[in-house]
Structures are given as C-alpha cells and as structure tokens.
Amino acid sequence: MTFDLAARLAARRAEHLFRQRPLLESPQGPQVRVDGQPLLAFCSNDYLGLASHPEVVRALLDGAERWGVGGGASHLVIGHSQPHHVLEEALAEFTGRPRALLFSTGYMANLAAVTALVGQGDTVLEDRLNHASLLDAGLLSAARFSRYRHNDAASLASRLDKASGNTLVVTDGVFSMDGDLADLPALAATAKARGAWLMVDDAHGFGALGASGGGIVEHFGLGLEEVPVLVGTLGKAFGTAGAFVAGSAELIETLVQFARPYIYTTSQPPAVACASLKSLELLRTEGWRREHLAALIARFRAGAAELGLTLMDSPTPIQPLLIGDSARAVELSRLLRERGILVGAIRPPTVPAGTARLRVTLSAAHSVAQVERLLDALGECQALLPPVEQ
C-alpha cells in the first residue's frame with residue numbers, strides 16, 4: 001500500500017478547497033504587492049498598523065546590532081537574553097499580573113499552557129470554535145477532552161458537572177473566523193463555581209480591545225481571579241512575533257519547569273523582543289489607533305448592511321461576510337482581486353461546511369477612503385454573481 005497523495009490533492013481541488021500561498025513582495029500594510037500585482041489588502045492581522053512602523057523597525061535593527069540575530073539556545077540554557085526578560089516584565093505589568101512568560105509563537109504558548117496544566121486523569125473543556133492550536137493542545141494533553149457549544153455557559157456547566165481531576169476551561173477571547181467575543185463573565189462565573197480554571201487565548205483581542213489595549217479581559221473588567229491563565233499574541237496587533245502567557249508567579253514557574261514547548265526550543269531572536277517593547281510603548285501612548293480602527297469597523301458594518309451583505313456578529317477588526325458556498329466565496333474573492341483588492345476566501349475545513357466566507361480584516365493603517373473603495377467593489381462584484389439557488 002502507498003500513500004495516494006495525488007488523489008487527495010485532486011479531491012481538494014474538486015471541492016474548491018485547494019489552498020495556495022500568496023507571495024508577498026512588499027512590507028505589510030494596506031498597499032501591498034502580491035504575486036507581482038499591487039493590491040489594497042484587507043486580510044492582515046496587523047490591526048494597529050505597527051508591523052512596518054518605522055520606530056518598530058528601528059528598534060529591531062538596534063536590537064540586532066546590540067544582541068545579534070539568533071537566540072542561541074533555549075531559555076533554560078543560555079538563550080534567555082535581557083530583552084526577553086525586560087519584555088516579560090513589561091507584559092506582566094501591562095496585563096496587571098505578577099509574571100509573564102515569552103514564547104516564540106502563539107501555537108507554542110497554547111500547547112505549553114494546556115499540556116503543562118492538565119494530563120491523564122484531568123479534564124479540559126473547550127469551545128467548539130476554538131483555534132486549532134487550542135484544540136490540538138487539548139488532544140495532546142492526555143486529559144479527558146470535550147467541547148462545549150459555542151459561547152454557551154449552560155453547555156459548559158453540564159460538562160463541568162461530569163469533569164474529573166483538575167479541570168481547565170479553554171476559550172478564544174475573540175474567535176478568529178467569526179470575530180465575535182467570548183462571553184467571559186458568564187464562562188468565568190461558571191468555571192469558578194465548579195472549581196475549574198479558565199484559560200483565555202486573546203490572540204485577536206490583545207492590543208485591539210480594551211480602553212488601554214489590554215484586550216478582552218480588560219474589555220470585560222476581569223482580573224487574575226476570574227481568568228487565571230491569559231495568553232496573548234505579539235504577531236497581530238503588536239505587529240512583531242511571538243506570544244506570552246501571563247498569570248500568577250506559581251503558574252509561570254510551573255510552565256518554566258514542566259512546559260515542554262518552552263523547555264525544548266530555542267528562544268526567539270532578542271531583537272524581536274526589542275521590537276515588541278517598542279510596539280507596547282506605541283500601543284500605550286497612541287490610543288488614536290484603536291479609536292480610528294473602531295470608526296472604520298462601524299463604517300464598514302454600516303456600508304455592508306446597506307449592500308445587503310450577511311454580516312456576522314463581530315465588534316472587532318475581523319469582519320467576515322458570510323457567503324455559504326465555497327465556490328461562490330472563491331469567485332467573489334477573485335472578482336475583488338481583479339479590481340485590485342485582496343480579501344481571502346475562508347472555506348472548510350477551517351470553517352464548518354456551508355459557511356464559507358470572505359474574511360475582511362481592518363487595520364488602523366487603513367483610511368476611510370480605502371474602506372469606501374472596498375465597499376464600492378463589493379457592491380459591484382456582488383452584482384456580477386449569479387443569484388443564490390434557493
């Protein structure tokens with residue numbers, strides 16, 4: 001027996017699910033060059049427009065000149081450089097938690113936290129729409145793993161009543177494909193009433209939500225007692241790379257001692273930590289970025305509603321337009337690209353069957369005029385598609 005990879009790939013093409021990597025030939029920003037074509041992009045997670053900010057770039061360059069390029073070793077050997085340490089202290093202070101621990105990617109942070117906290121004989125309960133990294137972490141933990149209905153505290157409660165051992169409830173803060181917010185107050189109260197810990201992956205909320213950019217936990221006015229385990233990503237609103245877990249001193253020391261994805265990997269380049277420190281400074285001092293972003297979100301939602309497009313319940317920079325059919329979503333994306341606008345078509349298995357969508361993401365670097373151009377193009381392209389079959 002051999003692996004029939006060609007058949008698998010052919011089936012994916014036939015189902016309009018084949019994916020290709022666009023080749024970015026410019027820095028991140030609203031105006032990009034992709035596969036040789038200049039485009040207005042609405043598909044980046046650079047929510048505050050910091051990925052190409054000159055001060056962040058300069059911080060990276062200065063950091064490389066002083067600290068070199070590679071991390072050199074794992075944090076527990078000789079890879080824990082001063083910039084890493086300073087960034088961890090700054091993130092702990094910003095999130096209002098005793099300590100924070102830096103990771104090279106958000107995927108690693110999620111794997112590390114879940115697998116270090118629960119194992120055989122324990123229970124991990126997750127939202128059905130959680131990010132793949134969280135679901136993978138639950139499966140790899142060896143704990144009893146179950147998924148509750150999306151954003152449903154009653155569904156969570158029924159599963160908590162059957163839980164055994166140490167129990168960890170895990171949810172995204174902002175759901176990456178729908179853009180909606182986790183109902184953290186209800187989830188936190190439900191978990192706490194049954195002696196479980198709540199872990200929140202705030203990859204898409206950190207920096208973009210909250211009065212000071214503290215994310216969904218700040219948005220809801222919650223703290224360490226309600227959300228003992230907080231994960232934040234630096235590769236989205238921060239515009240750099242990496243992630244962190246913030247919590248109690250005991251939590252962070254437990255991860256240092258037991259989290260295999262932390263122990264057995266080389267640290268990120270210290271210069272990246274230098275860039276993230278500059279991003280944190282800009283995030284804290286330039287509140288106009290979040291204000292402008294909020295205005296763009298409001299304008300886009302109003303304009304999309306006027307066009308009769310199906311919006312999802314999202315107050316965040318993630319603004320999915322529900323299309324349904326995968327082929328139709330791909331065609332709408334293609335028509336937009338013909339007009340110089342890049343918006344990705346998201347299809348199964350990333351989203352459930354029948355819920356293919358255009359995932360529009362907005363950035364503080366976008367202008368109102370650029371959002372208007374997107375809305376005009378959506379109206380024009382929608383008119384070119386055949387009517388939806390009933």
# chains A, B, ... in the order shown; residues from 1 in each chain; ligands from 1
$ residues_around --residues "region 333-342 of chain A" --least-positions-apart "6" --cutoff "6 Å" --atoms "only C-alpha atoms" --output "PyMOL selection string"
chain A and resi 39-42
$ write_last_selection --atoms "N, CA and C atoms" --output "JSON list (two decimals), in the first residue's frame"
[["chain", "number", "residue", "atom", "x", "y", "z"],
["A", 39, "LEU", "N", -1.96, 45.64, -4.74],
["A", 39, "LEU", "CA", -3.30, 45.39, -4.22],
["A", 39, "LEU", "C", -3.55, 46.19, -2.95],
["A", 40, "LEU", "N", -4.81, 46.48, -2.71],
["A", 40, "LEU", "CA", -5.27, 47.05, -1.45],
["A", 40, "LEU", "C", -5.72, 45.86, -0.59],
["A", 41, "ALA", "N", -5.01, 45.61, 0.50],
["A", 41, "ALA", "CA", -5.22, 44.38, 1.26],
["A", 41, "ALA", "C", -6.14, 44.58, 2.46],
["A", 42, "PHE", "N", -7.07, 43.64, 2.62],
["A", 42, "PHE", "CA", -7.95, 43.57, 3.79],
["A", 42, "PHE", "C", -7.92, 42.15, 4.35]]
$ select_by_dssp --residues "region 125-335 of chain A" --states "helix (DSSP H, G or I)" --output "PyMOL selection string"
chain A and resi 132-140+153-160+184-193+216-219+249-258+260-263+270-285+288-306+326-335
$ closest_atom_pairs --of "region 70-156 of chain A" --to "region 169-185 of chain A" --cutoff "7 Å" --atoms "only C-alpha atoms" --output "tab-separated table"
residue	atom	partner	partner_atom	distance
A:Val124	CA	A:Val169	CA	5.9
A:Leu125	CA	A:Val169	CA	4.8
A:Glu126	CA	A:Val170	CA	4.8
A:Asp127	CA	A:Thr171	CA	5.6
A:Asn130	CA	A:Asp172	CA	5.7
A:His131	CA	A:Asp172	CA	7.0
A:Asn151	CA	A:Ala182	CA	5.9
$ closest_residue --among "A:Gln37, A:Thr254, A:Gln268, A:Ser44" --to "Ala241 (chain A)" --atoms "only C-alpha atoms"
A:Gln268
$ residues_around --residues "Leu234 (chain A)" --least-positions-apart "3" --cutoff "8 Å" --atoms "only C-alpha atoms" --output "PyMOL selection string"
chain A and resi 203+237-244+276
$ residues_around --residues "Ala211 (chain A)" --least-positions-apart "6" --cutoff "10 Å" --atoms "only C-alpha atoms" --output "ChimeraX atom specification"
/A:218-219,284,287,290-291
$ closest_residue --among "A:Asp62, A:Glu253, A:Asp122, A:Asp313" --to "Ala142 (chain A)" --atoms "only C-alpha atoms"
A:Asp122
$ closest_residue --among "A:Met199, A:Ala345, A:Ala327, A:Leu187" --to "Leu168 (chain A)" --atoms "only C-alpha atoms"
A:Met199
$ residues_around --residues "Val86 (chain A)" --least-positions-apart "3" --cutoff "9 Å" --atoms "only C-alpha atoms" --output "JSON, numbers by chain"
{"A": [81, 82, 83, 89, 90, 91, 273, 274, 277]}
$ write_last_selection --atoms "C-alpha atoms" --output "compact mmCIF listing (two decimals), in the first residue's frame"
# COMPACT_ATOMS: atom_id res chain seq x y z
CA SER A 81 18.53 37.37 26.95
CA GLN A 82 17.94 40.63 28.75
CA PRO A 83 15.44 41.91 26.12
CA GLU A 89 8.29 42.20 32.97
CA ALA A 90 6.62 44.85 30.80
CA LEU A 91 3.89 42.44 29.67
CA ALA A 273 11.73 41.32 21.85
CA CYS A 274 13.24 44.80 21.40
CA LEU A 277 8.85 46.57 23.58
$ atom_distance --atom1 "CA of Asp161 (chain A)" --atom2 "CA of Ala191 (chain A)"
10.4 Å
